Amino acid sequence: MMNNREFPLRTLLRPRYSWVAWFLLVASLAVTFLLWEVSIRLVDDRTQARFKTQSLQLKTAIDERLLNYEQVLAGSAGLFAVAGEVSRDEWHEYIEKVDINRYYPGIQGIGYAQRVDVRQMAEHIASTRRNGIYNYLVRPLSSGPDYYPMVYLEPGSERNQKALGYDPFSDPVHQVAMEAARDSARPKVTGKVVLVQEEVAEDQASFLMYYPVYQGGVAPDSRFERQMMLSGFVFSAFRMNTLLDGIVGLISPFLDVKIYDNGVVSRETLMYGSNLGSLGNDFSFEMSQTISHGGRDWLLQTRSTPAFDYLAADPRPPIVLSAGLLISLLLFGFALTLTRSRIMAQNSAGRYRAITEGAANVTLVLKKNGEPEYASPSSRDILGFDPDQVSSMDLKSKVHEDDWPKLKARFEKARRMPGKQMSSLQVRVVDGEGQWRHLEGTFTSMLRVPGVRGVVLSLRDLTQLKTAQSELHQLAFYDPLTGLANRQLFRDRLDHVVQRSKRNQEPAALMFLDLDGFKRINDTLGHDAGDDLLKQVAQWLLGCVREDDSVARLGGDEFVVLLSRISSPDAAGKVADTILRRLCQRIRLNDHEVGVTVSIGITMIPHDSEDPITLMKYADLAMYRAKDIGRNAYQFFTPAMNAQAARRLLQQEELARALDEDRFVLHYQPKVELDSQRVIGVEAFLRWHHPEKGLVNAQQFIGLAEETGLIIRLGELALRQACIQVQALERAGFESLRMAVNLSVRQLMDSGFLDMVRQVIVETGVSPDRLELEMPAQLLNEDSRYIHDLLTSLHDLGVCLILDDFGTGACSLVSLQQLPLDVIKIDHRFIRDIPYNVSATDVASAVIALARKLHLTVVAEGVETPQQLEFLQGAGCAQCQGNLFSYPLDEDALIGFLIRQYESPLIS
């Protein structure tokens with residue numbers, strides 16, 4: 001056998017023997033330098049992309065902020081359109097509610113410049129002074145004929161007070177913008193100016209945005225009429241540094257940003273400069289963009305700075321270079337080692353060959369001292385080991401530490417009993433990929449057999465069998481969709497925790513969770529979207545608890561959380577708060593964005609009960625209590641919930657029985673058109689003929705009907721009765737009356753609602769244009785795409801669509817424009833306070849004016865006094881209903897009322 005001295009390193013380095021090693025060295029060095037160059041190029045490209053992204057985001061943010069401020073001016077001008085004349089106090093109150101210091105940074109003030117004829121100047125100055133501006137004076141004076149002094153400017157700071165009376169029209173820069181705004185009826189921006197309220201000319205540039213206000217609140221069609229009908233200008237004054245420092249600091253704090261007016265780069269046109277550039281004007285990247293707003297073009301110039309370049313620096317190119325050199329040397333050394341081993345192997349004596357070469361088993365031959373000497377070729381396929389390297393392998397490190405003692409003992413026993421096969425044993429062995437494999441093996445001592453001279457260990461792979469057993473266990477005890485524990489496994493864990501809590505008096509907590517509105521998501525977006533939501537909720541829940549706690553899915557959208565050890569109910573409440581915050585968010589499913597909330601019921605172990613079934617019941621009752629108080633909340637179980645649950649079950653049974661026994665009727669309240677002073681329609685109200693309580697108002701049972709799902713049957717019953725009543729009224733001679741039916745959100749979101757409406761219309765034969773469907777304002781908070789498709793389909797049927805309770809909740813003006821609505825109803829809470837509450841009258845007037853602009857009919861409900869009626873008539877409301885005209889009537893009383901109202905008008 002050749003030893004190390006017979007094959008020295010100098011000989012090994014000759015290309016004759018080690019050409020593969022030299023080839024690997026050259027190739028790896030070439031690859032290293034190539035990757036180094038590529039990494040440098042990638043870093044530069046990424047830095048440039050980051051610079052471009054920040055520059056584009058900066059322009060977008062500035063555009064959005066200017067557009068927001070333009071909308072503020074439009075809203076301020078709308079105040080004049082609604083109110084006509086606006087007093088100084090009304091202006092102050094409006095701007096104070098806008099809260100520009102909080103929501104619109106950069107605005108120095110929002111004011112109004114009034115158009116004053118030279119002949120009205122003296123009276124204008126005197127009137128302004130009488131209103132509290134004692135030193136008010138229009139300046140500078142010119143030849144007229146019109147002046148545009150600033151009469152209002154809020155906030156009323158000492159600096160802003162100095163601008164009152166100033167005529168910006170006297171300044172050519174202001175005049176150009178004001179005339180352009182007047183003639184185009186659009187907001188316009190001035191060039192670079194110094195605000196008149198500044199003490200001295202500061203380096204900080206400013207500009208003003210003007211929005212024209214016309215007599216009557218509507219812009220005339222022709223330019224000449226706009227000049228004649230101009231009342232004044234709503235304007236905002238901006239200081240550029242205050243306006244932009246926050247945006248630049250948030251989006252591009254390490255870029256040098258400059259903005260020039262009119263696209264001209266000069267010191268005179270510089271509107272803003274962040275002054276972050278280096279002294280040598282050294283930059284790596286530069287970008288110029290144009291911001292167009294209000295008739296002005298600003299040049300936005302961004303440059304990289306040394307700070308930006310430093311933060312963008314990347315250590316990976318030198319790391320790639322150094323790592324590549326190291327790997328190249330290691331590969332060279334490794335190739336030399338392999339070459340030496342190959343040469344030594346070719347010149348060495350014969351080796352032991354396999355007693356068996358079977359691929360199904362692994363055969364090892366161990367020396368007398370237990371060291372491995374030979375491995376069959378099948379070890380490569382089964383365990384991922386190189387059979388030729390088995391002699392250098394540490395067998396103990398490959399066997400699981402719990403299985404090594406019994407493997408060692410069985411080896412010693414086999415060595416003492418030559419030729420006898422030992423009984424089998426199971427061990428875990430780590431394979432070449434680091435995974436544990438389950439093997440079954442037997443020892444046979446062949447120390448005296450020529451050609452073997454060792455102890456033979458034959459191993460059979462059981463990994464697939466163990467995997468199958470594990471999968472069966474997974475299917476039996478875990479939810480296949482979320483991977484959480486299922487009901488059976490959770491019950492075992494709950495039993496264990498209850499027994500331990502009883503024994504140690506160590507408290508634990510059980511939480512029952514139910515997703516709010518999950519059925520609606522399943523029905524509208526499909527079960528695949530629902531499954532995706534459940535999987536995401538499972539991951540969120542696992543992130544909210546400890547490893548010792550348990551999370552399980554019982555089925556549907558019901559989850560349970562078991563806090564195995566908890567210090568107090570307060571600690572359980574904190575975990576519930578964490579879950580509510582984590583789950584209360586919006587998630588995108590099938591191109592739809594839906595909101596996720598959860599209701600949680602909590603019961604304490606063993607304080608509330610020591611019986612697992614009872615604990616599950618208590619947690620379920622507490623969860624339903626959380627839903628009753630508004631959802632997205634948690635509730636601890638209390639004994640009173642048992643009695644409440646019993647009462648609720650009784651009420652639910654009564655309601656279902658009443659439906660089966662047809663104990664529901666409709667009452668009708670007339671709806672009056674103010675112009676004709678005639679009844680033009682009625683609204684249907686559902687009543688329950690209770691055998692003990694008599695006639696029950698809908699408000700007392702609608703909530704329970706919605707919660708239990710009976711609202712779907714009730715809604716169809718009410719719609720069908722209303723359509724039948726329409727036909728009855730036609731036969732009685734009232735052919736033009738419309739019938740309004742109230743709907744709930746749950747009805748509208750039901751997947752079969754549209755088909756139900758079509759079926760009722762066909763079966764009753766009612767004309768769709770005689771039917772009005774009233775929808776609550778809360779509907780606008782649901783999935784916008786689904787609502788738009790639903791209302792469009794209903795509108796195509798020919799029915800009238802009414803948005804009820806307008807003015808409450810989040811009523812989006814965008815939705816009013818996009819949805820096919822015909823009528824809006826002012827919420828009765830605003831009507832109730834008329835005319836004694838100024839805010840209520842203002843809101844009602846604004847809603848009526850807004851609806852008329854959007855070509856929507858306005859209905860005021862809850863009218864009960866002549867003063868309310870008088871106000872609504874004056875404000876331009878189209879229709880009213882309420883107890884002033886009539887209480888809700890049954891069918892016979894309604895016919896009599898209609899006959900009487902045709903004989904004499906309701907409004908005198």
# chains A, B, ... in the order shown; residues from 1 in each chain; ligands from 1
call {"tool": "residues_around", "arguments": {"residues": "stretch 262-269 of chain A", "least_positions_apart": "3", "cutoff": "6 Å", "atoms": "only C-alpha atoms", "output": "list in words"}}
result
Asp297, Trp298 and Leu299 of chain A
call {"tool": "select_by_dssp", "arguments": {"residues": "stretch 124-206 of chain A", "states": "alpha helix (DSSP H)", "output": "count of residues only"}}
result
24
call {"tool": "select_by_dssp", "arguments": {"residues": "stretch 182-233 of chain A", "states": "strand (DSSP E)", "output": "NGL selection string"}}
result
:A and (188-189 or 206-214 or 230-233)
call {"tool": "write_last_selection", "arguments": {"atoms": "C-alpha atoms", "output": "PDB file, in the first residue's frame"}}
result
ATOM      1  CA  LYS A 188     -56.019  78.941  -9.771  1.00  0.00           C
ATOM      2  CA  VAL A 189     -52.597  79.323  -8.123  1.00  0.00           C
ATOM      3  CA  SER A 206     -45.377  81.474  -0.595  1.00  0.00           C
ATOM      4  CA  PHE A 207     -48.333  81.262  -2.956  1.00  0.00           C
ATOM      5  CA  LEU A 208     -52.118  81.615  -2.854  1.00  0.00           C
ATOM      6  CA  MET A 209     -54.874  79.491  -4.355  1.00  0.00           C
ATOM      7  CA  TYR A 210     -58.088  81.313  -5.395  1.00  0.00           C
ATOM      8  CA  TYR A 211     -61.529  79.723  -5.871  1.00  0.00           C
ATOM      9  CA  PRO A 212     -64.278  81.919  -7.392  1.00  0.00           C
ATOM     10  CA  VAL A 213     -67.654  82.399  -5.699  1.00  0.00           C
ATOM     11  CA  TYR A 214     -70.600  83.506  -7.862  1.00  0.00           C
ATOM     12  CA  LEU A 230     -68.662  87.213  -9.378  1.00  0.00           C
ATOM     13  CA  SER A 231     -69.155  87.695  -5.608  1.00  0.00           C
ATOM     14  CA  GLY A 232     -65.585  87.190  -4.515  1.00  0.00           C
ATOM     15  CA  PHE A 233     -62.897  84.575  -3.999  1.00  0.00           C
TER      16      PHE A 233
END
call {"tool": "residues_around", "arguments": {"residues": "A:His174", "least_positions_apart": "2", "cutoff": "9 Å", "atoms": "only C-alpha atoms", "output": "number ranges by chain"}}
result
A: 168-172, 176-179, 189-191, 193, 208, 210
call {"tool": "residues_around", "arguments": {"residues": "A:Ile602", "least_positions_apart": "4", "cutoff": "10 Å", "atoms": "only C-alpha atoms", "output": "list of chain:residue names"}}
result
A:Ala509, A:Leu510, A:Met511, A:Phe512, A:Leu513, A:Val560, A:Val561, A:Leu562, A:Pro569, A:Ala572, A:Gly573, A:Ala576, A:Leu615, A:Met616, A:Tyr618, A:Ala619, A:Asp620, A:Leu621, A:Ala622, A:Met623, A:Ala626, A:Tyr634, A:Gln635, A:Phe636, A:Phe637, A:Thr638
call {"tool": "write_last_selection", "arguments": {"atoms": "N, CA, C and O atoms", "output": "tab-separated table (two decimals), in the first residue's frame"}}
result
chain	number	residue	atom	x	y	z
A	509	ALA	N	-58.34	29.51	31.19
A	509	ALA	CA	-59.43	30.23	30.53
A	509	ALA	C	-59.75	29.57	29.20
A	509	ALA	O	-58.87	29.09	28.50
A	510	LEU	N	-61.05	29.54	28.87
A	510	LEU	CA	-61.54	29.00	27.60
A	510	LEU	C	-62.22	30.12	26.83
A	510	LEU	O	-63.09	30.81	27.38
A	511	MET	N	-61.81	30.32	25.58
A	511	MET	CA	-62.40	31.36	24.73
A	511	MET	C	-63.13	30.70	23.55
A	511	MET	O	-62.57	29.82	22.90
A	512	PHE	N	-64.34	31.17	23.29
A	512	PHE	CA	-65.12	30.72	22.14
A	512	PHE	C	-65.19	31.89	21.17
A	512	PHE	O	-65.64	32.97	21.54
A	513	LEU	N	-64.72	31.70	19.93
A	513	LEU	CA	-64.63	32.78	18.94
A	513	LEU	C	-65.51	32.46	17.74
A	513	LEU	O	-65.54	31.32	17.27
A	560	VAL	N	-61.83	27.98	19.01
A	560	VAL	CA	-61.68	28.03	20.46
A	560	VAL	C	-60.21	28.18	20.80
A	560	VAL	O	-59.34	27.67	20.09
A	561	VAL	N	-59.97	28.91	21.88
A	561	VAL	CA	-58.61	29.11	22.38
A	561	VAL	C	-58.60	28.70	23.85
A	561	VAL	O	-59.45	29.16	24.63
A	562	LEU	N	-57.67	27.83	24.20
A	562	LEU	CA	-57.54	27.34	25.57
A	562	LEU	C	-56.25	27.89	26.16
A	562	LEU	O	-55.16	27.54	25.70
A	569	PRO	N	-58.57	36.81	35.50
A	569	PRO	CA	-59.44	37.20	34.38
A	569	PRO	C	-58.90	38.40	33.61
A	569	PRO	O	-59.11	38.50	32.40
A	572	ALA	N	-56.65	37.16	30.97
A	572	ALA	CA	-57.43	36.60	29.85
A	572	ALA	C	-58.01	37.72	29.00
A	572	ALA	O	-58.06	37.62	27.76
A	573	GLY	N	-58.46	38.81	29.63
A	573	GLY	CA	-58.97	39.94	28.88
A	573	GLY	C	-57.92	40.57	28.01
A	573	GLY	O	-58.20	41.01	26.88
A	576	ALA	N	-57.61	38.50	24.97
A	576	ALA	CA	-58.75	38.76	24.09
A	576	ALA	C	-58.59	40.08	23.35
A	576	ALA	O	-58.91	40.19	22.17
A	615	LEU	N	-68.46	24.12	30.39
A	615	LEU	CA	-67.57	25.23	30.06
A	615	LEU	C	-67.74	25.66	28.61
A	615	LEU	O	-67.75	26.86	28.30
A	616	MET	N	-67.87	24.68	27.69
A	616	MET	CA	-68.09	25.02	26.28
A	616	MET	C	-69.41	25.77	26.11
A	616	MET	O	-69.50	26.74	25.35
A	618	TYR	N	-70.95	27.62	28.40
A	618	TYR	CA	-70.84	28.97	28.98
A	618	TYR	C	-70.07	29.90	28.05
A	618	TYR	O	-70.44	31.08	27.88
A	619	ALA	N	-68.98	29.40	27.48
A	619	ALA	CA	-68.20	30.24	26.56
A	619	ALA	C	-69.03	30.62	25.34
A	619	ALA	O	-68.93	31.74	24.83
A	620	ASP	N	-69.87	29.68	24.87
A	620	ASP	CA	-70.73	29.96	23.72
A	620	ASP	C	-71.76	31.04	24.06
A	620	ASP	O	-72.01	31.96	23.27
A	621	LEU	N	-72.35	30.97	25.27
A	621	LEU	CA	-73.31	31.99	25.70
A	621	LEU	C	-72.65	33.35	25.79
A	621	LEU	O	-73.21	34.38	25.37
A	622	ALA	N	-71.45	33.40	26.35
A	622	ALA	CA	-70.73	34.67	26.46
A	622	ALA	C	-70.40	35.24	25.08
A	622	ALA	O	-70.43	36.46	24.87
A	623	MET	N	-70.10	34.35	24.12
A	623	MET	CA	-69.81	34.83	22.76
A	623	MET	C	-71.05	35.49	22.14
A	623	MET	O	-70.97	36.55	21.51
A	626	ALA	N	-71.48	38.87	23.43
A	626	ALA	CA	-70.58	39.81	22.75
A	626	ALA	C	-71.17	40.26	21.42
A	626	ALA	O	-71.02	41.42	21.02
A	634	TYR	N	-65.42	41.24	23.41
A	634	TYR	CA	-65.39	40.00	24.19
A	634	TYR	C	-66.22	40.18	25.45
A	634	TYR	O	-66.39	41.30	25.95
A	635	GLN	N	-66.75	39.06	25.95
A	635	GLN	CA	-67.56	39.07	27.16
A	635	GLN	C	-67.19	37.87	28.01
A	635	GLN	O	-67.01	36.76	27.49
A	636	PHE	N	-67.09	38.09	29.35
A	636	PHE	CA	-66.92	36.99	30.28
A	636	PHE	C	-68.29	36.40	30.62
A	636	PHE	O	-69.30	37.12	30.65
A	637	PHE	N	-68.33	35.11	30.87
A	637	PHE	CA	-69.58	34.46	31.24
A	637	PHE	C	-70.04	34.93	32.61
A	637	PHE	O	-69.23	35.10	33.54
A	638	THR	N	-71.35	35.15	32.73
A	638	THR	CA	-71.97	35.45	34.02
A	638	THR	C	-73.19	34.55	34.16
A	638	THR	O	-73.80	34.15	33.16
call {"tool": "residues_around", "arguments": {"residues": "A:Pro220", "least_positions_apart": "4", "cutoff": "12 Å", "atoms": "only C-alpha atoms", "output": "short mmCIF file (atom, residue, chain, number, x, y, z; two decimals) with N, CA and C atoms, in the first residue's frame"}}
result
data_model
loop_
_atom_site.label_atom_id
_atom_site.label_comp_id
_atom_site.auth_asym_id
_atom_site.auth_seq_id
_atom_site.Cartn_x
_atom_site.Cartn_y
_atom_site.Cartn_z
N ARG A 182 -61.66 83.47 -12.04
CA ARG A 182 -62.99 84.03 -12.31
C ARG A 182 -63.50 83.58 -13.68
N ASP A 183 -62.68 83.66 -14.72
CA ASP A 183 -63.13 83.38 -16.08
C ASP A 183 -63.32 81.89 -16.33
N SER A 184 -62.55 81.03 -15.64
CA SER A 184 -62.64 79.59 -15.89
C SER A 184 -63.51 78.85 -14.88
N ALA A 185 -63.89 79.56 -13.79
CA ALA A 185 -64.67 78.93 -12.70
C ALA A 185 -63.92 77.75 -12.11
N PRO A 212 -63.27 80.88 -7.20
CA PRO A 212 -64.28 81.92 -7.39
C PRO A 212 -65.62 81.54 -6.76
N VAL A 213 -66.31 82.56 -6.25
CA VAL A 213 -67.65 82.40 -5.70
C VAL A 213 -68.58 83.32 -6.48
N TYR A 214 -69.67 82.74 -7.03
CA TYR A 214 -70.60 83.51 -7.86
C TYR A 214 -71.93 83.68 -7.14
N GLN A 215 -72.64 84.71 -7.54
CA GLN A 215 -73.97 84.95 -6.99
C GLN A 215 -74.88 83.78 -7.35
N GLY A 216 -75.61 83.29 -6.36
CA GLY A 216 -76.49 82.14 -6.58
C GLY A 216 -75.81 80.81 -6.36
N PHE A 224 -68.57 86.23 -19.86
CA PHE A 224 -69.07 87.56 -19.52
C PHE A 224 -69.97 87.49 -18.28
N GLU A 225 -70.84 86.48 -18.23
CA GLU A 225 -71.71 86.33 -17.06
C GLU A 225 -70.91 86.05 -15.80
N ARG A 226 -69.84 85.27 -15.93
CA ARG A 226 -69.00 85.00 -14.75
C ARG A 226 -68.37 86.27 -14.22
N GLN A 227 -67.93 87.15 -15.12
CA GLN A 227 -67.34 88.42 -14.67
C GLN A 227 -68.38 89.29 -13.98
N MET A 228 -69.62 89.23 -14.48
CA MET A 228 -70.66 90.08 -13.91
C MET A 228 -71.20 89.49 -12.60
N MET A 229 -71.31 88.17 -12.50
CA MET A 229 -71.93 87.52 -11.34
C MET A 229 -70.94 87.17 -10.25
N LEU A 230 -69.67 87.56 -10.38
CA LEU A 230 -68.66 87.21 -9.38
C LEU A 230 -68.96 87.91 -8.05
#
call {"tool": "closest_atom_pairs", "arguments": {"of": "stretch 651-698 of chain A", "to": "stretch 866-889 of chain A", "cutoff": "12 Å", "atoms": "only C-alpha atoms", "output": "tab-separated table"}}
result
residue	atom	partner	partner_atom	distance
A:Val665	CA	A:Leu889	CA	11.1
A:Leu666	CA	A:Leu889	CA	8.6
A:His667	CA	A:Leu889	CA	5.1
A:Tyr668	CA	A:Pro888	CA	4.8
A:Gln669	CA	A:Pro888	CA	4.2
A:Pro670	CA	A:Gln881	CA	6.4
A:Lys671	CA	A:Gln881	CA	4.7
A:Val672	CA	A:Cys880	CA	5.3
A:Glu673	CA	A:Gln879	CA	4.5
A:Leu674	CA	A:Gln879	CA	5.6
A:Asp675	CA	A:Ala878	CA	7.2
A:Ser676	CA	A:Ala878	CA	9.9
A:Gln677	CA	A:Gln879	CA	9.3
A:Arg678	CA	A:Gln879	CA	9.8
A:Val679	CA	A:Gln879	CA	9.4
A:Ile680	CA	A:Gln879	CA	8.9
A:Gly681	CA	A:Gln881	CA	9.7
A:Val682	CA	A:Gln881	CA	8.8
A:Glu683	CA	A:Pro888	CA	8.5
A:Ala684	CA	A:Pro888	CA	8.3
A:Phe685	CA	A:Pro888	CA	7.5
A:Leu686	CA	A:Pro888	CA	10.2
A:Arg687	CA	A:Pro888	CA	10.4
A:Asn697	CA	A:Pro888	CA	11.0
call {"tool": "atom_distance", "arguments": {"atom1": "atom CA of A:Arg380", "atom2": "atom CA of A:Thr442"}}
result
19.6 Å
call {"tool": "residues_around", "arguments": {"residues": "A:Pro145", "least_positions_apart": "3", "cutoff": "9 Å", "atoms": "only C-alpha atoms", "output": "list in words"}}
result
Val116, Asp117, Val118, Arg119 and Ser142 of chain A
call {"tool": "residues_around", "arguments": {"residues": "A:Leu704", "least_positions_apart": "3", "cutoff": "10 Å", "atoms": "only C-alpha atoms", "output": "PyMOL selection string"}}
result
chain A and resi 628+648+651-652+655+699-701+707-711
call {"tool": "write_last_selection", "arguments": {"atoms": "all heavy atoms", "output": "mmCIF file, in the first residue's frame"}}
result
data_model
loop_
_atom_site.group_PDB
_atom_site.id
_atom_site.type_symbol
_atom_site.label_atom_id
_atom_site.label_comp_id
_atom_site.auth_asym_id
_atom_site.auth_seq_id
_atom_site.Cartn_x
_atom_site.Cartn_y
_atom_site.Cartn_z
ATOM 1 N N ASP A 628 -74.385 40.459 20.817
ATOM 2 C CA ASP A 628 -75.534 41.313 21.112
ATOM 3 C C ASP A 628 -75.130 42.750 21.384
ATOM 4 O O ASP A 628 -75.855 43.690 21.030
ATOM 5 C CB ASP A 628 -76.299 40.759 22.323
ATOM 6 C CG ASP A 628 -77.033 39.461 21.983
ATOM 7 O OD1 ASP A 628 -77.232 39.210 20.779
ATOM 8 O OD2 ASP A 628 -77.380 38.722 22.907
ATOM 9 N N ARG A 648 -84.131 34.086 25.375
ATOM 10 C CA ARG A 648 -83.913 34.323 23.951
ATOM 11 C C ARG A 648 -84.392 33.124 23.119
ATOM 12 O O ARG A 648 -84.966 33.293 22.034
ATOM 13 C CB ARG A 648 -82.429 34.573 23.697
ATOM 14 C CG ARG A 648 -82.144 35.222 22.363
ATOM 15 C CD ARG A 648 -80.696 35.632 22.293
ATOM 16 N NE ARG A 648 -80.468 36.543 21.193
ATOM 17 C CZ ARG A 648 -80.666 37.857 21.256
ATOM 18 N NH1 ARG A 648 -81.122 38.390 22.376
ATOM 19 N NH2 ARG A 648 -80.440 38.635 20.212
ATOM 20 N N GLN A 651 -88.112 33.399 22.930
ATOM 21 C CA GLN A 651 -88.520 34.435 21.981
ATOM 22 C C GLN A 651 -88.333 33.962 20.535
ATOM 23 O O GLN A 651 -89.167 34.229 19.666
ATOM 24 C CB GLN A 651 -87.715 35.705 22.224
ATOM 25 C CG GLN A 651 -88.026 36.384 23.542
ATOM 26 C CD GLN A 651 -87.066 37.525 23.846
ATOM 27 O OE1 GLN A 651 -86.088 37.715 23.130
ATOM 28 N NE2 GLN A 651 -87.338 38.271 24.908
ATOM 29 N N GLN A 652 -87.228 33.246 20.303
ATOM 30 C CA GLN A 652 -86.985 32.751 18.956
ATOM 31 C C GLN A 652 -88.066 31.742 18.548
ATOM 32 O O GLN A 652 -88.569 31.769 17.411
ATOM 33 C CB GLN A 652 -85.608 32.105 18.893
ATOM 34 C CG GLN A 652 -85.231 31.562 17.524
ATOM 35 C CD GLN A 652 -83.830 30.965 17.513
ATOM 36 O OE1 GLN A 652 -83.041 31.204 18.414
ATOM 37 N NE2 GLN A 652 -83.542 30.183 16.500
ATOM 38 N N LEU A 655 -91.244 33.658 17.799
ATOM 39 C CA LEU A 655 -91.177 34.358 16.519
ATOM 40 C C LEU A 655 -91.360 33.374 15.356
ATOM 41 O O LEU A 655 -92.082 33.661 14.395
ATOM 42 C CB LEU A 655 -89.840 35.085 16.407
ATOM 43 C CG LEU A 655 -89.673 36.056 15.233
ATOM 44 C CD1 LEU A 655 -90.707 37.165 15.326
ATOM 45 C CD2 LEU A 655 -88.261 36.642 15.227
ATOM 46 N N GLN A 699 -89.626 47.270 15.963
ATOM 47 C CA GLN A 699 -88.345 47.491 16.648
ATOM 48 C C GLN A 699 -88.086 46.490 17.765
ATOM 49 O O GLN A 699 -86.950 46.271 18.165
ATOM 50 C CB GLN A 699 -88.281 48.915 17.221
ATOM 51 C CG GLN A 699 -87.972 49.997 16.203
ATOM 52 C CD GLN A 699 -89.149 50.283 15.290
ATOM 53 O OE1 GLN A 699 -90.260 49.898 15.615
ATOM 54 N NE2 GLN A 699 -88.890 50.927 14.164
ATOM 55 N N GLN A 700 -89.172 45.840 18.275
ATOM 56 C CA GLN A 700 -89.014 44.923 19.394
ATOM 57 C C GLN A 700 -88.642 43.507 18.966
ATOM 58 O O GLN A 700 -88.272 42.697 19.810
ATOM 59 C CB GLN A 700 -90.306 44.894 20.220
ATOM 60 C CG GLN A 700 -90.708 46.256 20.778
ATOM 61 C CD GLN A 700 -91.980 46.177 21.606
ATOM 62 O OE1 GLN A 700 -92.237 45.171 22.268
ATOM 63 N NE2 GLN A 700 -92.777 47.238 21.571
ATOM 64 N N PHE A 701 -88.720 43.188 17.675
ATOM 65 C CA PHE A 701 -88.397 41.815 17.270
ATOM 66 C C PHE A 701 -87.517 41.722 16.020
ATOM 67 O O PHE A 701 -87.039 40.645 15.687
ATOM 68 C CB PHE A 701 -89.679 41.000 17.039
ATOM 69 C CG PHE A 701 -90.574 41.541 15.947
ATOM 70 C CD1 PHE A 701 -90.352 41.250 14.615
ATOM 71 C CD2 PHE A 701 -91.651 42.347 16.273
ATOM 72 C CE1 PHE A 701 -91.180 41.735 13.622
ATOM 73 C CE2 PHE A 701 -92.490 42.853 15.290
ATOM 74 C CZ PHE A 701 -92.244 42.545 13.958
ATOM 75 N N GLU A 707 -80.744 38.270 13.776
ATOM 76 C CA GLU A 707 -79.728 37.392 14.374
ATOM 77 C C GLU A 707 -79.999 35.927 14.057
ATOM 78 O O GLU A 707 -79.065 35.162 13.788
ATOM 79 C CB GLU A 707 -79.717 37.613 15.888
ATOM 80 C CG GLU A 707 -78.722 36.734 16.628
ATOM 81 C CD GLU A 707 -78.817 36.930 18.126
ATOM 82 O OE1 GLU A 707 -79.194 38.038 18.554
ATOM 83 O OE2 GLU A 707 -78.517 35.985 18.849
ATOM 84 N N THR A 708 -81.271 35.524 14.071
ATOM 85 C CA THR A 708 -81.608 34.119 13.864
ATOM 86 C C THR A 708 -81.774 33.768 12.394
ATOM 87 O O THR A 708 -81.916 32.598 12.058
ATOM 88 C CB THR A 708 -82.910 33.789 14.609
ATOM 89 O OG1 THR A 708 -83.955 34.654 14.129
ATOM 90 C CG2 THR A 708 -82.733 33.990 16.107
ATOM 91 N N GLY A 709 -81.796 34.759 11.515
ATOM 92 C CA GLY A 709 -81.991 34.488 10.095
ATOM 93 C C GLY A 709 -83.442 34.478 9.665
ATOM 94 O O GLY A 709 -83.732 34.341 8.475
ATOM 95 N N LEU A 710 -84.379 34.642 10.632
ATOM 96 C CA LEU A 710 -85.804 34.662 10.275
ATOM 97 C C LEU A 710 -86.173 35.914 9.492
ATOM 98 O O LEU A 710 -87.258 35.999 8.913
ATOM 99 C CB LEU A 710 -86.664 34.568 11.547
ATOM 100 C CG LEU A 710 -86.584 33.235 12.313
ATOM 101 C CD1 LEU A 710 -87.361 33.329 13.607
ATOM 102 C CD2 LEU A 710 -87.130 32.101 11.450
ATOM 103 N N ILE A 711 -85.279 36.910 9.467
ATOM 104 C CA ILE A 711 -85.559 38.141 8.741
ATOM 105 C C ILE A 711 -85.759 37.867 7.249
ATOM 106 O O ILE A 711 -86.455 38.621 6.561
ATOM 107 C CB ILE A 711 -84.413 39.156 8.969
ATOM 108 C CG1 ILE A 711 -84.780 40.539 8.429
ATOM 109 C CG2 ILE A 711 -83.122 38.655 8.347
ATOM 110 C CD1 ILE A 711 -85.932 41.176 9.132
#
call {"tool": "atom_distance", "arguments": {"atom1": "atom CA of A:Val745", "atom2": "atom CA of A:Pro768"}}
result
21.2 Å
call {"tool": "atom_distance", "arguments": {"atom1": "atom CA of A:His855", "atom2": "atom CA of A:Val823"}}
result
9.1 Å
call {"tool": "closest_residue", "arguments": {"among": "A:Ala740, A:Ala656, A:Val838, A:Leu407", "to": "A:Ile712", "atoms": "only C-alpha atoms"}}
result
A:Ala656
call {"tool": "closest_residue", "arguments": {"among": "A:Leu717, A:Leu583, A:Asp256, A:Phe477", "to": "A:Asp660", "atoms": "only C-alpha atoms"}}
result
A:Leu717
call {"tool": "closest_residue", "arguments": {"among": "A:Ile62, A:Val234, A:Leu153, A:Leu338", "to": "A:Gln289", "atoms": "only C-alpha atoms"}}
result
A:Ile62
